[in-house]
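**Student:** Just dropping this structure here.
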Amino acid sequence: MSSSPSEGSGKGSGTKQRMPQDGSSAASDPLRPADHIDSAPVDDSITQPKLGLIGWLRWGWRQLTSMRVALILLLFLAIAAIPGSVFPQRSADPNGVVKYKADNPDLFPVLDKLRLFDVYSSPWFSAIYLLLFISLIGCIIPRIKHHAKALRALPPRTPARLARLEDHRSVTREATDAASAIDVAEKQLKALGYRVARYDRGRVWSVSAERGYWRETGNLVFHIALVGILITVGVGGGYAYTGQKVIVEGQTFVNVLIDYNSINQGRFVSDGAFEPYAMTLNRFDVTYQGFGKPGAGQAGNFKAHLSVREPDGTTTKGAVEVNHPLSIGGDKIYLLGNGYAPTITVRNKAGEKVFSQPVEFLPQDANMTSLGVVKISDGMPEQLGLIGFFYPTAVKLDSGAFTSAHGGLNIPLLTLDVYEGDLGIDSGKPVSVYQLDTNGMTKLNGRGTDVKSIQLQPGETADLPDGLGTVTFDNEAPQGAKDFSQSVKRYVSLQINHDDSAIWVLGFALLALAGLGLALFVPRRRMWVKATASDDGAVHLEYAGLARGEDPTLAAAVDDLVRGHERLLDAAASRHPVKGA
């Protein structure tokens, strides 16, 4: 019997039978050798290479230094700065933080743990800041190397088939020399600001041109300026300080650390780094719209008049207005707020003065209804605390309570409630001068007691409860004055800011805007002009353009190139006719 081909191949050659991938028997495929790769068992599992620690670090670095992550971090930084505008910051508005704590005693501890009152020095804000800094540097360095290499490189060769490009034009000219036509095009493109390179071959002459490298340069300048801003803010903040000071009319502030009400120092600011100057508040001017006028009671034209004593002993006059700071010794003095500071004098039952000074009352509404606190630690049988309300234009409501109907000093009234007990100032813990902790204190008059609150107008004196002494609302107006317009002193809240890095931040910001302008408005494009000589003496000219990215003016630029080249060729032909034409 004769054997079949499949049997012969199986027995004679000694090959092993196997199952092909399609499921048929190996005996049905006599042309496939036994050692074919498909003869091995098929493993459908996917084997992924292990990255290891170095591999994961490298992957993480590539992700962090990508432009996508840099943009995300920039967005996160902008979002993280929002709480700094929503909540008062200790560095800029410590009194606002105190007031927020008093108004929201339950919520304040939670927000404080989240550092929402110190946003710009919080760990989470600093983490975003540092990651953005690293990401930008990681993005910029490779791009600078690539851009420097591109600047040294020649424009790319002229494509063999320019007609494939969308913006393509072609012209056939008689009696024109091809090489001379490309010479003219080369000069024309150079005059237009292109970098050019000649690529001549055989009967084909061409010039390749490219411009728009300022676009990438501007992009790099923008990102370098951002890094400069980050560095300047980070380093400059260590040499900057911002302090607040409340000055009553007639008082003097000396620029030393101990004289600030609150201050936020950079880590590199020493106690002796303050410029030695002093300033006295002579008076504070503010105007209010009168009764019966549109916007009655609305304030405007805030102006603090100061006398400044320079380090050399000279005295100058200056003024601080809203959005018009005063510059002294490298510091900027800003006007933050203002209010009334009635002078209160307290005497004990022996007639001795135990307290006599202007007290800053904090405004509670637009009509300057103000709240103030007086603390008397010595001279009395026990410590006394007085909580007072000051009404510049007092009116009595139907409920019996008072309010101010106008911000101007028309009918000033001072009401006081007296507390006796421990003020908490001897515990060693910091206590706000604008708050009185009444826990553990006994209320001697006012609501909730049988004794009415003390009510005083300028110049009046009243007895303290329980025969403890007297309290006087001093009248500061000149003797013989017939109104109350000068009976109460004013105070201003000033912010003293020192930051030598501000000029650098401004410079980098302007540089960033310049770079952004270049990146947005400078088009990156390539142009080609090719001349092909024919046997009949004519020259076939081709023009083409290619943009990198969106460039709606590319087609018009190609048309202008064609028209300009034709004019130049016509002018050259009139001066130097081609021989044999």
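Residues in the structure tokens are named by chain (A, B, ... in the order shown) and by number from 1 within that chain; ligands are numbered from 1 in the order shown.
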Using only C-alpha atoms, what table do you get, as JSON lines, when you list each residue of region 333-365 of chain A with an atom no more than 12 Å from region 88-96 of chain A, its nearest pair of atoms, and their distance in Å rounded to one decimal, rows by chain then rising number?

**Tutor:**
{"residue": "A:Tyr334", "atom": "CA", "partner": "A:Ala92", "partner_atom": "CA", "distance": 11.2}
{"residue": "A:Leu336", "atom": "CA", "partner": "A:Asp93", "partner_atom": "CA", "distance": 8.9}
{"residue": "A:Gly337", "atom": "CA", "partner": "A:Asp93", "partner_atom": "CA", "distance": 10.5}
{"residue": "A:Leu362", "atom": "CA", "partner": "A:Asn95", "partner_atom": "CA", "distance": 9.4}
{"residue": "A:Pro363", "atom": "CA", "partner": "A:Asn95", "partner_atom": "CA", "distance": 11.7}
{"residue": "A:Gln364", "atom": "CA", "partner": "A:Gly96", "partner_atom": "CA", "distance": 11.9}

**Student:** Just want the 7 Å neighbourhood of region 392-396 of chain A, counted on only C-alpha atoms, with same-chain residues fewer than 4 positions away dropped. Output as a PyMOL selection string.

**Tutor:** chain A and resi 368+400-413

**Student:** List every residue of region 115-253 of chain A that DSSP, applied to the backbone, labels as alpha helix (DSSP H), and write the result as a PDB file with N, CA, C and O atoms, in the first residue's frame.

**Tutor:**
ATOM      1  N   PRO A 123       1.411  74.429  55.317  1.00  0.00           N
ATOM      2  CA  PRO A 123       2.160  73.349  54.643  1.00  0.00           C
ATOM      3  C   PRO A 123       1.560  72.964  53.299  1.00  0.00           C
ATOM      4  O   PRO A 123       2.299  72.688  52.351  1.00  0.00           O
ATOM      5  N   TRP A 124       0.233  72.919  53.204  1.00  0.00           N
ATOM      6  CA  TRP A 124      -0.366  72.477  51.946  1.00  0.00           C
ATOM      7  C   TRP A 124      -0.165  73.511  50.830  1.00  0.00           C
ATOM      8  O   TRP A 124       0.050  73.141  49.670  1.00  0.00           O
ATOM      9  N   PHE A 125      -0.205  74.783  51.163  1.00  0.00           N
ATOM     10  CA  PHE A 125       0.063  75.797  50.141  1.00  0.00           C
ATOM     11  C   PHE A 125       1.539  75.758  49.734  1.00  0.00           C
ATOM     12  O   PHE A 125       1.865  75.873  48.549  1.00  0.00           O
ATOM     13  N   SER A 126       2.424  75.586  50.709  1.00  0.00           N
ATOM     14  CA  SER A 126       3.862  75.512  50.403  1.00  0.00           C
ATOM     15  C   SER A 126       4.174  74.292  49.555  1.00  0.00           C
ATOM     16  O   SER A 126       5.056  74.343  48.686  1.00  0.00           O
ATOM     17  N   ALA A 127       3.468  73.167  49.800  1.00  0.00           N
ATOM     18  CA  ALA A 127       3.712  71.959  49.006  1.00  0.00           C
ATOM     19  C   ALA A 127       3.367  72.191  47.537  1.00  0.00           C
ATOM     20  O   ALA A 127       4.127  71.819  46.631  1.00  0.00           O
ATOM     21  N   ILE A 128       2.219  72.820  47.281  1.00  0.00           N
ATOM     22  CA  ILE A 128       1.839  73.131  45.894  1.00  0.00           C
ATOM     23  C   ILE A 128       2.848  74.087  45.277  1.00  0.00           C
ATOM     24  O   ILE A 128       3.256  73.935  44.112  1.00  0.00           O
ATOM     25  N   TYR A 129       3.263  75.055  46.049  1.00  0.00           N
ATOM     26  CA  TYR A 129       4.220  76.064  45.585  1.00  0.00           C
ATOM     27  C   TYR A 129       5.536  75.403  45.168  1.00  0.00           C
ATOM     28  O   TYR A 129       6.079  75.661  44.086  1.00  0.00           O
ATOM     29  N   LEU A 130       6.065  74.507  46.012  1.00  0.00           N
ATOM     30  CA  LEU A 130       7.346  73.859  45.724  1.00  0.00           C
ATOM     31  C   LEU A 130       7.230  72.877  44.564  1.00  0.00           C
ATOM     32  O   LEU A 130       8.131  72.792  43.720  1.00  0.00           O
ATOM     33  N   LEU A 131       6.121  72.135  44.502  1.00  0.00           N
ATOM     34  CA  LEU A 131       5.937  71.203  43.387  1.00  0.00           C
ATOM     35  C   LEU A 131       5.845  71.960  42.065  1.00  0.00           C
ATOM     36  O   LEU A 131       6.404  71.522  41.050  1.00  0.00           O
ATOM     37  N   LEU A 132       5.152  73.093  42.062  1.00  0.00           N
ATOM     38  CA  LEU A 132       5.077  73.904  40.846  1.00  0.00           C
ATOM     39  C   LEU A 132       6.454  74.432  40.468  1.00  0.00           C
ATOM     40  O   LEU A 132       6.824  74.442  39.280  1.00  0.00           O
ATOM     41  N   PHE A 133       7.218  74.843  41.449  1.00  0.00           N
ATOM     42  CA  PHE A 133       8.573  75.333  41.206  1.00  0.00           C
ATOM     43  C   PHE A 133       9.441  74.250  40.551  1.00  0.00           C
ATOM     44  O   PHE A 133      10.112  74.481  39.544  1.00  0.00           O
ATOM     45  N   ILE A 134       9.413  73.041  41.115  1.00  0.00           N
ATOM     46  CA  ILE A 134      10.208  71.926  40.569  1.00  0.00           C
ATOM     47  C   ILE A 134       9.706  71.555  39.183  1.00  0.00           C
ATOM     48  O   ILE A 134      10.490  71.288  38.262  1.00  0.00           O
ATOM     49  N   SER A 135       8.377  71.515  39.022  1.00  0.00           N
ATOM     50  CA  SER A 135       7.808  71.127  37.732  1.00  0.00           C
ATOM     51  C   SER A 135       8.202  72.096  36.630  1.00  0.00           C
ATOM     52  O   SER A 135       8.569  71.685  35.524  1.00  0.00           O
ATOM     53  N   LEU A 136       8.155  73.391  36.924  1.00  0.00           N
ATOM     54  CA  LEU A 136       8.512  74.381  35.903  1.00  0.00           C
ATOM     55  C   LEU A 136       9.983  74.274  35.512  1.00  0.00           C
ATOM     56  O   LEU A 136      10.319  74.330  34.322  1.00  0.00           O
ATOM     57  N   ILE A 137      10.854  74.101  36.496  1.00  0.00           N
ATOM     58  CA  ILE A 137      12.276  73.963  36.183  1.00  0.00           C
ATOM     59  C   ILE A 137      12.518  72.709  35.351  1.00  0.00           C
ATOM     60  O   ILE A 137      13.279  72.720  34.371  1.00  0.00           O
ATOM     61  N   GLY A 138      11.852  71.604  35.744  1.00  0.00           N
ATOM     62  CA  GLY A 138      12.003  70.369  34.975  1.00  0.00           C
ATOM     63  C   GLY A 138      11.483  70.477  33.559  1.00  0.00           C
ATOM     64  O   GLY A 138      11.964  69.779  32.657  1.00  0.00           O
ATOM     65  N   CYS A 139      10.484  71.346  33.342  1.00  0.00           N
ATOM     66  CA  CYS A 139       9.971  71.565  31.981  1.00  0.00           C
ATOM     67  C   CYS A 139      10.894  72.467  31.173  1.00  0.00           C
ATOM     68  O   CYS A 139      11.092  72.248  29.969  1.00  0.00           O
ATOM     69  N   ILE A 140      11.434  73.463  31.831  1.00  0.00           N
ATOM     70  CA  ILE A 140      12.161  74.510  31.102  1.00  0.00           C
ATOM     71  C   ILE A 140      13.518  74.038  30.610  1.00  0.00           C
ATOM     72  O   ILE A 140      13.897  74.295  29.460  1.00  0.00           O
ATOM     73  N   ILE A 141      14.275  73.349  31.459  1.00  0.00           N
ATOM     74  CA  ILE A 141      15.656  72.995  31.097  1.00  0.00           C
ATOM     75  C   ILE A 141      15.731  72.170  29.817  1.00  0.00           C
ATOM     76  O   ILE A 141      16.496  72.509  28.899  1.00  0.00           O
ATOM     77  N   PRO A 142      14.962  71.069  29.666  1.00  0.00           N
ATOM     78  CA  PRO A 142      15.033  70.334  28.395  1.00  0.00           C
ATOM     79  C   PRO A 142      14.578  71.163  27.202  1.00  0.00           C
ATOM     80  O   PRO A 142      15.133  71.040  26.093  1.00  0.00           O
ATOM     81  N   ARG A 143      13.590  72.013  27.407  1.00  0.00           N
ATOM     82  CA  ARG A 143      13.099  72.820  26.291  1.00  0.00           C
ATOM     83  C   ARG A 143      14.120  73.871  25.877  1.00  0.00           C
ATOM     84  O   ARG A 143      14.220  74.208  24.687  1.00  0.00           O
ATOM     85  N   ILE A 144      14.884  74.397  26.817  1.00  0.00           N
ATOM     86  CA  ILE A 144      15.941  75.352  26.468  1.00  0.00           C
ATOM     87  C   ILE A 144      16.997  74.668  25.616  1.00  0.00           C
ATOM     88  O   ILE A 144      17.461  75.225  24.597  1.00  0.00           O
ATOM     89  N   LYS A 145      17.388  73.455  26.004  1.00  0.00           N
ATOM     90  CA  LYS A 145      18.384  72.713  25.221  1.00  0.00           C
ATOM     91  C   LYS A 145      17.868  72.438  23.811  1.00  0.00           C
ATOM     92  O   LYS A 145      18.583  72.616  22.822  1.00  0.00           O
ATOM     93  N   HIS A 146      16.609  72.006  23.737  1.00  0.00           N
ATOM     94  CA  HIS A 146      16.033  71.709  22.422  1.00  0.00           C
ATOM     95  C   HIS A 146      15.931  72.971  21.573  1.00  0.00           C
ATOM     96  O   HIS A 146      16.226  72.950  20.359  1.00  0.00           O
ATOM     97  N   HIS A 147      15.531  74.086  22.192  1.00  0.00           N
ATOM     98  CA  HIS A 147      15.374  75.333  21.445  1.00  0.00           C
ATOM     99  C   HIS A 147      16.734  75.860  20.979  1.00  0.00           C
ATOM    100  O   HIS A 147      16.859  76.365  19.861  1.00  0.00           O
ATOM    101  N   ALA A 148      17.749  75.750  21.825  1.00  0.00           N
ATOM    102  CA  ALA A 148      19.088  76.189  21.434  1.00  0.00           C
ATOM    103  C   ALA A 148      19.605  75.366  20.253  1.00  0.00           C
ATOM    104  O   ALA A 148      20.237  75.898  19.328  1.00  0.00           O
ATOM    105  N   LYS A 149      19.306  74.074  20.262  1.00  0.00           N
ATOM    106  CA  LYS A 149      19.716  73.217  19.142  1.00  0.00           C
ATOM    107  C   LYS A 149      18.970  73.600  17.871  1.00  0.00           C
ATOM    108  O   LYS A 149      19.549  73.636  16.772  1.00  0.00           O
ATOM    109  N   ALA A 150      17.667  73.917  18.003  1.00  0.00           N
ATOM    110  CA  ALA A 150      16.886  74.302  16.829  1.00  0.00           C
ATOM    111  C   ALA A 150      17.358  75.625  16.248  1.00  0.00           C
ATOM    112  O   ALA A 150      17.328  75.826  15.022  1.00  0.00           O
ATOM    113  N   LEU A 151      17.817  76.550  17.098  1.00  0.00           N
ATOM    114  CA  LEU A 151      18.301  77.834  16.603  1.00  0.00           C
ATOM    115  C   LEU A 151      19.576  77.682  15.780  1.00  0.00           C
ATOM    116  O   LEU A 151      19.838  78.472  14.874  1.00  0.00           O
ATOM    117  N   ARG A 152      20.371  76.681  16.115  1.00  0.00           N
ATOM    118  CA  ARG A 152      21.620  76.459  15.370  1.00  0.00           C
ATOM    119  C   ARG A 152      21.413  75.651  14.098  1.00  0.00           C
ATOM    120  O   ARG A 152      22.294  75.634  13.230  1.00  0.00           O
ATOM    121  N   ALA A 178      16.632  80.550 -13.664  1.00  0.00           N
ATOM    122  CA  ALA A 178      16.150  79.882 -12.450  1.00  0.00           C
ATOM    123  C   ALA A 178      17.022  80.222 -11.243  1.00  0.00           C
ATOM    124  O   ALA A 178      16.525  80.521 -10.158  1.00  0.00           O
ATOM    125  N   ALA A 179      18.332  80.153 -11.396  1.00  0.00           N
ATOM    126  CA  ALA A 179      19.229  80.437 -10.267  1.00  0.00           C
ATOM    127  C   ALA A 179      19.079  81.877  -9.796  1.00  0.00           C
ATOM    128  O   ALA A 179      19.062  82.164  -8.590  1.00  0.00           O
ATOM    129  N   SER A 180      18.954  82.820 -10.764  1.00  0.00           N
ATOM    130  CA  SER A 180      18.776  84.225 -10.383  1.00  0.00           C
ATOM    131  C   SER A 180      17.446  84.442  -9.671  1.00  0.00           C
ATOM    132  O   SER A 180      17.348  85.246  -8.737  1.00  0.00           O
ATOM    133  N   ALA A 181      16.411  83.708 -10.092  1.00  0.00           N
ATOM    134  CA  ALA A 181      15.104  83.833  -9.434  1.00  0.00           C
ATOM    135  C   ALA A 181      15.189  83.391  -7.973  1.00  0.00           C
ATOM    136  O   ALA A 181      14.588  84.022  -7.085  1.00  0.00           O
ATOM    137  N   ILE A 182      15.936  82.322  -7.712  1.00  0.00           N
ATOM    138  CA  ILE A 182      16.069  81.858  -6.320  1.00  0.00           C
ATOM    139  C   ILE A 182      16.955  82.810  -5.534  1.00  0.00           C
ATOM    140  O   ILE A 182      16.733  83.026  -4.331  1.00  0.00           O
ATOM    141  N   ASP A 183      17.965  83.414  -6.194  1.00  0.00           N
ATOM    142  CA  ASP A 183      18.772  84.431  -5.504  1.00  0.00           C
ATOM    143  C   ASP A 183      17.899  85.586  -5.030  1.00  0.00           C
ATOM    144  O   ASP A 183      18.036  86.090  -3.903  1.00  0.00           O
ATOM    145  N   VAL A 184      16.991  86.031  -5.919  1.00  0.00           N
ATOM    146  CA  VAL A 184      16.086  87.120  -5.555  1.00  0.00           C
ATOM    147  C   VAL A 184      15.173  86.695  -4.411  1.00  0.00           C
ATOM    148  O   VAL A 184      14.933  87.448  -3.453  1.00  0.00           O
ATOM    149  N   ALA A 185      14.653  85.469  -4.469  1.00  0.00           N
ATOM    150  CA  ALA A 185      13.767  84.973  -3.403  1.00  0.00           C
ATOM    151  C   ALA A 185      14.507  84.875  -2.077  1.00  0.00           C
ATOM    152  O   ALA A 185      13.940  85.160  -1.005  1.00  0.00           O
ATOM    153  N   GLU A 186      15.780  84.474  -2.144  1.00  0.00           N
ATOM    154  CA  GLU A 186      16.561  84.360  -0.907  1.00  0.00           C
ATOM    155  C   GLU A 186      16.721  85.720  -0.224  1.00  0.00           C
ATOM    156  O   GLU A 186      16.527  85.858   0.989  1.00  0.00           O
ATOM    157  N   LYS A 187      17.042  86.749  -1.030  1.00  0.00           N
ATOM    158  CA  LYS A 187      17.171  88.094  -0.457  1.00  0.00           C
ATOM    159  C   LYS A 187      15.827  88.598   0.070  1.00  0.00           C
ATOM    160  O   LYS A 187      15.752  89.259   1.104  1.00  0.00           O
ATOM    161  N   GLN A 188      14.759  88.287  -0.672  1.00  0.00           N
ATOM    162  CA  GLN A 188      13.428  88.724  -0.251  1.00  0.00           C
ATOM    163  C   GLN A 188      13.045  88.098   1.098  1.00  0.00           C
ATOM    164  O   GLN A 188      12.547  88.780   1.992  1.00  0.00           O
ATOM    165  N   LEU A 189      13.290  86.813   1.248  1.00  0.00           N
ATOM    166  CA  LEU A 189      12.923  86.132   2.493  1.00  0.00           C
ATOM    167  C   LEU A 189      13.781  86.615   3.661  1.00  0.00           C
ATOM    168  O   LEU A 189      13.303  86.736   4.793  1.00  0.00           O
ATOM    169  N   LYS A 190      15.059  86.890   3.388  1.00  0.00           N
ATOM    170  CA  LYS A 190      15.910  87.441   4.461  1.00  0.00           C
ATOM    171  C   LYS A 190      15.396  88.799   4.923  1.00  0.00           C
ATOM    172  O   LYS A 190      15.384  89.106   6.121  1.00  0.00           O
ATOM    173  N   ALA A 191      14.964  89.616   3.949  1.00  0.00           N
ATOM    174  CA  ALA A 191      14.433  90.926   4.307  1.00  0.00           C
ATOM    175  C   ALA A 191      13.150  90.818   5.129  1.00  0.00           C
ATOM    176  O   ALA A 191      12.836  91.709   5.933  1.00  0.00           O
ATOM    177  N   TYR A 213      10.825  81.688  15.530  1.00  0.00           N
ATOM    178  CA  TYR A 213      11.467  81.128  16.724  1.00  0.00           C
ATOM    179  C   TYR A 213      11.235  82.003  17.960  1.00  0.00           C
ATOM    180  O   TYR A 213      11.395  81.543  19.087  1.00  0.00           O
ATOM    181  N   TRP A 214      10.856  83.251  17.726  1.00  0.00           N
ATOM    182  CA  TRP A 214      10.517  84.107  18.868  1.00  0.00           C
ATOM    183  C   TRP A 214       9.307  83.578  19.619  1.00  0.00           C
ATOM    184  O   TRP A 214       9.113  83.883  20.802  1.00  0.00           O
ATOM    185  N   ARG A 215       8.475  82.790  18.936  1.00  0.00           N
ATOM    186  CA  ARG A 215       7.301  82.219  19.605  1.00  0.00           C
ATOM    187  C   ARG A 215       7.728  81.292  20.736  1.00  0.00           C
ATOM    188  O   ARG A 215       7.247  81.400  21.866  1.00  0.00           O
ATOM    189  N   GLU A 216       8.636  80.375  20.416  1.00  0.00           N
ATOM    190  CA  GLU A 216       9.131  79.466  21.451  1.00  0.00           C
ATOM    191  C   GLU A 216       9.997  80.213  22.461  1.00  0.00           C
ATOM    192  O   GLU A 216       9.977  79.902  23.654  1.00  0.00           O
ATOM    193  N   THR A 217      10.758  81.200  21.965  1.00  0.00           N
ATOM    194  CA  THR A 217      11.541  82.015  22.903  1.00  0.00           C
ATOM    195  C   THR A 217      10.635  82.721  23.899  1.00  0.00           C
ATOM    196  O   THR A 217      10.908  82.744  25.112  1.00  0.00           O
ATOM    197  N   GLY A 218       9.536  83.311  23.405  1.00  0.00           N
ATOM    198  CA  GLY A 218       8.588  83.956  24.301  1.00  0.00           C
ATOM    199  C   GLY A 218       7.965  82.982  25.284  1.00  0.00           C
ATOM    200  O   GLY A 218       7.759  83.310  26.464  1.00  0.00           O
ATOM    201  N   ASN A 219       7.679  81.788  24.806  1.00  0.00           N
ATOM    202  CA  ASN A 219       7.116  80.763  25.697  1.00  0.00           C
ATOM    203  C   ASN A 219       8.087  80.432  26.821  1.00  0.00           C
ATOM    204  O   ASN A 219       7.707  80.331  27.997  1.00  0.00           O
ATOM    205  N   LEU A 220       9.360  80.271  26.473  1.00  0.00           N
ATOM    206  CA  LEU A 220      10.372  79.987  27.488  1.00  0.00           C
ATOM    207  C   LEU A 220      10.565  81.173  28.429  1.00  0.00           C
ATOM    208  O   LEU A 220      10.727  80.998  29.637  1.00  0.00           O
ATOM    209  N   VAL A 221      10.564  82.385  27.863  1.00  0.00           N
ATOM    210  CA  VAL A 221      10.708  83.579  28.707  1.00  0.00           C
ATOM    211  C   VAL A 221       9.559  83.659  29.701  1.00  0.00           C
ATOM    212  O   VAL A 221       9.747  84.004  30.878  1.00  0.00           O
ATOM    213  N   PHE A 222       8.351  83.341  29.255  1.00  0.00           N
ATOM    214  CA  PHE A 222       7.193  83.371  30.144  1.00  0.00           C
ATOM    215  C   PHE A 222       7.377  82.409  31.313  1.00  0.00           C
ATOM    216  O   PHE A 222       7.164  82.764  32.477  1.00  0.00           O
ATOM    217  N   HIS A 223       7.798  81.176  31.024  1.00  0.00           N
ATOM    218  CA  HIS A 223       7.954  80.191  32.090  1.00  0.00           C
ATOM    219  C   HIS A 223       9.159  80.507  32.984  1.00  0.00           C
ATOM    220  O   HIS A 223       9.111  80.281  34.197  1.00  0.00           O
ATOM    221  N   ILE A 224      10.215  81.037  32.401  1.00  0.00           N
ATOM    222  CA  ILE A 224      11.366  81.450  33.227  1.00  0.00           C
ATOM    223  C   ILE A 224      10.964  82.589  34.154  1.00  0.00           C
ATOM    224  O   ILE A 224      11.367  82.641  35.327  1.00  0.00           O
ATOM    225  N   ALA A 225      10.143  83.517  33.643  1.00  0.00           N
ATOM    226  CA  ALA A 225       9.672  84.622  34.484  1.00  0.00           C
ATOM    227  C   ALA A 225       8.803  84.101  35.622  1.00  0.00           C
ATOM    228  O   ALA A 225       8.861  84.626  36.749  1.00  0.00           O
ATOM    229  N   LEU A 226       7.992  83.080  35.356  1.00  0.00           N
ATOM    230  CA  LEU A 226       7.196  82.484  36.432  1.00  0.00           C
ATOM    231  C   LEU A 226       8.092  81.906  37.517  1.00  0.00           C
ATOM    232  O   LEU A 226       7.835  82.074  38.712  1.00  0.00           O
ATOM    233  N   VAL A 227       9.146  81.212  37.087  1.00  0.00           N
ATOM    234  CA  VAL A 227      10.098  80.684  38.070  1.00  0.00           C
ATOM    235  C   VAL A 227      10.753  81.830  38.833  1.00  0.00           C
ATOM    236  O   VAL A 227      10.957  81.749  40.057  1.00  0.00           O
ATOM    237  N   GLY A 228      11.083  82.905  38.112  1.00  0.00           N
ATOM    238  CA  GLY A 228      11.673  84.063  38.782  1.00  0.00           C
ATOM    239  C   GLY A 228      10.749  84.652  39.826  1.00  0.00           C
ATOM    240  O   GLY A 228      11.184  85.041  40.918  1.00  0.00           O
ATOM    241  N   ILE A 229       9.448  84.711  39.505  1.00  0.00           N
ATOM    242  CA  ILE A 229       8.481  85.219  40.485  1.00  0.00           C
ATOM    243  C   ILE A 229       8.425  84.312  41.696  1.00  0.00           C
ATOM    244  O   ILE A 229       8.406  84.776  42.851  1.00  0.00           O
ATOM    245  N   LEU A 230       8.398  82.995  41.457  1.00  0.00           N
ATOM    246  CA  LEU A 230       8.342  82.056  42.576  1.00  0.00           C
ATOM    247  C   LEU A 230       9.575  82.185  43.469  1.00  0.00           C
ATOM    248  O   LEU A 230       9.467  82.200  44.703  1.00  0.00           O
ATOM    249  N   ILE A 231      10.750  82.286  42.841  1.00  0.00           N
ATOM    250  CA  ILE A 231      11.987  82.414  43.631  1.00  0.00           C
ATOM    251  C   ILE A 231      11.990  83.738  44.394  1.00  0.00           C
ATOM    252  O   ILE A 231      12.336  83.796  45.583  1.00  0.00           O
ATOM    253  N   THR A 232      11.608  84.820  43.704  1.00  0.00           N
ATOM    254  CA  THR A 232      11.632  86.134  44.338  1.00  0.00           C
ATOM    255  C   THR A 232      10.666  86.201  45.513  1.00  0.00           C
ATOM    256  O   THR A 232      11.008  86.727  46.582  1.00  0.00           O
ATOM    257  N   VAL A 233       9.463  85.652  45.326  1.00  0.00           N
ATOM    258  CA  VAL A 233       8.484  85.669  46.412  1.00  0.00           C
ATOM    259  C   VAL A 233       8.960  84.810  47.573  1.00  0.00           C
ATOM    260  O   VAL A 233       8.852  85.184  48.744  1.00  0.00           O
ATOM    261  N   GLY A 234       9.533  83.623  47.240  1.00  0.00           N
ATOM    262  CA  GLY A 234       9.985  82.728  48.297  1.00  0.00           C
ATOM    263  C   GLY A 234      11.165  83.278  49.079  1.00  0.00           C
ATOM    264  O   GLY A 234      11.161  83.291  50.318  1.00  0.00           O
ATOM    265  N   VAL A 235      12.181  83.754  48.359  1.00  0.00           N
ATOM    266  CA  VAL A 235      13.374  84.273  49.027  1.00  0.00           C
ATOM    267  C   VAL A 235      13.108  85.662  49.594  1.00  0.00           C
ATOM    268  O   VAL A 235      13.478  85.969  50.740  1.00  0.00           O
ATOM    269  N   GLY A 236      12.440  86.515  48.804  1.00  0.00           N
ATOM    270  CA  GLY A 236      12.173  87.875  49.261  1.00  0.00           C
ATOM    271  C   GLY A 236      11.278  87.917  50.481  1.00  0.00           C
ATOM    272  O   GLY A 236      11.392  88.816  51.319  1.00  0.00           O
TER     273      GLY A 236
END

**Student:** From the set A:Thr158, A:Ser399, A:Gln357, A:Asn439, which residue has the shortest atom-to-atom contact distance to Gly250 (chain A), counting only C-alpha atoms?

**Tutor:**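 So, comparing all the options, the nearest one is A:Gln357.
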
**Student:** Name all residues at most 12 Å from Val286 (chain A) (count only C-alpha atoms; drop same-chain ones fewer than 4 positions away) and give them as an MDAnalysis selection string.

**Tutor:** chainID A and resid 297:305 321:322 337:340 407:409 485 490:492

**Student:** Measuring atom to atom with only C-alpha atoms, identify which of A:Leu114, A:Leu371, A:Val246, A:Ile344 is nearest to Ser356 (chain A).

**Tutor:**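 Closest residue, counting only C-alpha atoms: A:Ile344.
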
**Student:** Ranking A:Asp106, A:Glu542, A:Asp466, A:Asp118 by minimum distance to Ser170 (chain A) and counting only C-alpha atoms, which one comes first?

**Tutor:**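 Smallest distance to Ser170 (chain A) is found for A:Glu542.
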
**Student:** With distances taken over only C-alpha atoms, which residue among A:Asn445, A:Ser487, A:Ser501, A:Thr172 lies nearest Val562 (chain A)?

**Tutor:**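 For Val562 (chain A), the nearest of the given residues is A:Thr172.
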
**Student:** Assign secondary structure with DSSP using the backbone only, and return the residues of region 75-315 of chain A in strand (DSSP E or B) as a PyMOL selection string.

**Tutor:** chain A and resi 167-173+195-198+201+204-211+241-248+252-254+262-265+278-288+299-309+315

**Student:** Report the distance between CA of Thr252 (chain A) and CA of Gly266 (chain A) in Å, rounded to one decimal place.

**Tutor:**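 Interatomic distance here is 25.1 Å.
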
**Student:** Using Å and a single decimal, report how far CA of Glu420 (chain A) sits from CA of Gly440 (chain A).

**Tutor:**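 Spanning CA of Gly440 (chain A) to CA of Glu420 (chain A) is a straight-line distance of 8.9 Å.
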
**Student:** Between A:Gly549, A:Val256, A:Tyr543, A:Asn497, which residue has the minimum interatomic distance to Arg563 (chain A), considering only C-alpha atoms?

**Tutor:** A:Tyr543

**Student:** Report, in Å with one decimal, the straight-line distance from CA of Ala273 (chain A) to CA of His324 (chain A).

**Tutor:** 24.8 Å

**Student:** I need the residue nearest Asp536 (chain A) from this list: A:Ile54, A:Ile454, A:Ala175, A:Ala519. Use only C-alpha atoms for the distance.

**Tutor:**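 Closest candidate: A:Ala175.
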
**Student:** Show which residues sit within 12 Å of Thr449 (chain A), as a list in words. Count only C-alpha atoms, and ignore same-chain residues fewer than 3 positions away.

**Tutor:**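 Skipping anything fewer than 3 positions along the chain leaves Asp417, Val418, Tyr419, Thr442, Lys443, Leu444, Asn445, Gly446, Lys452, Ser453 and Pro465 of chain A.
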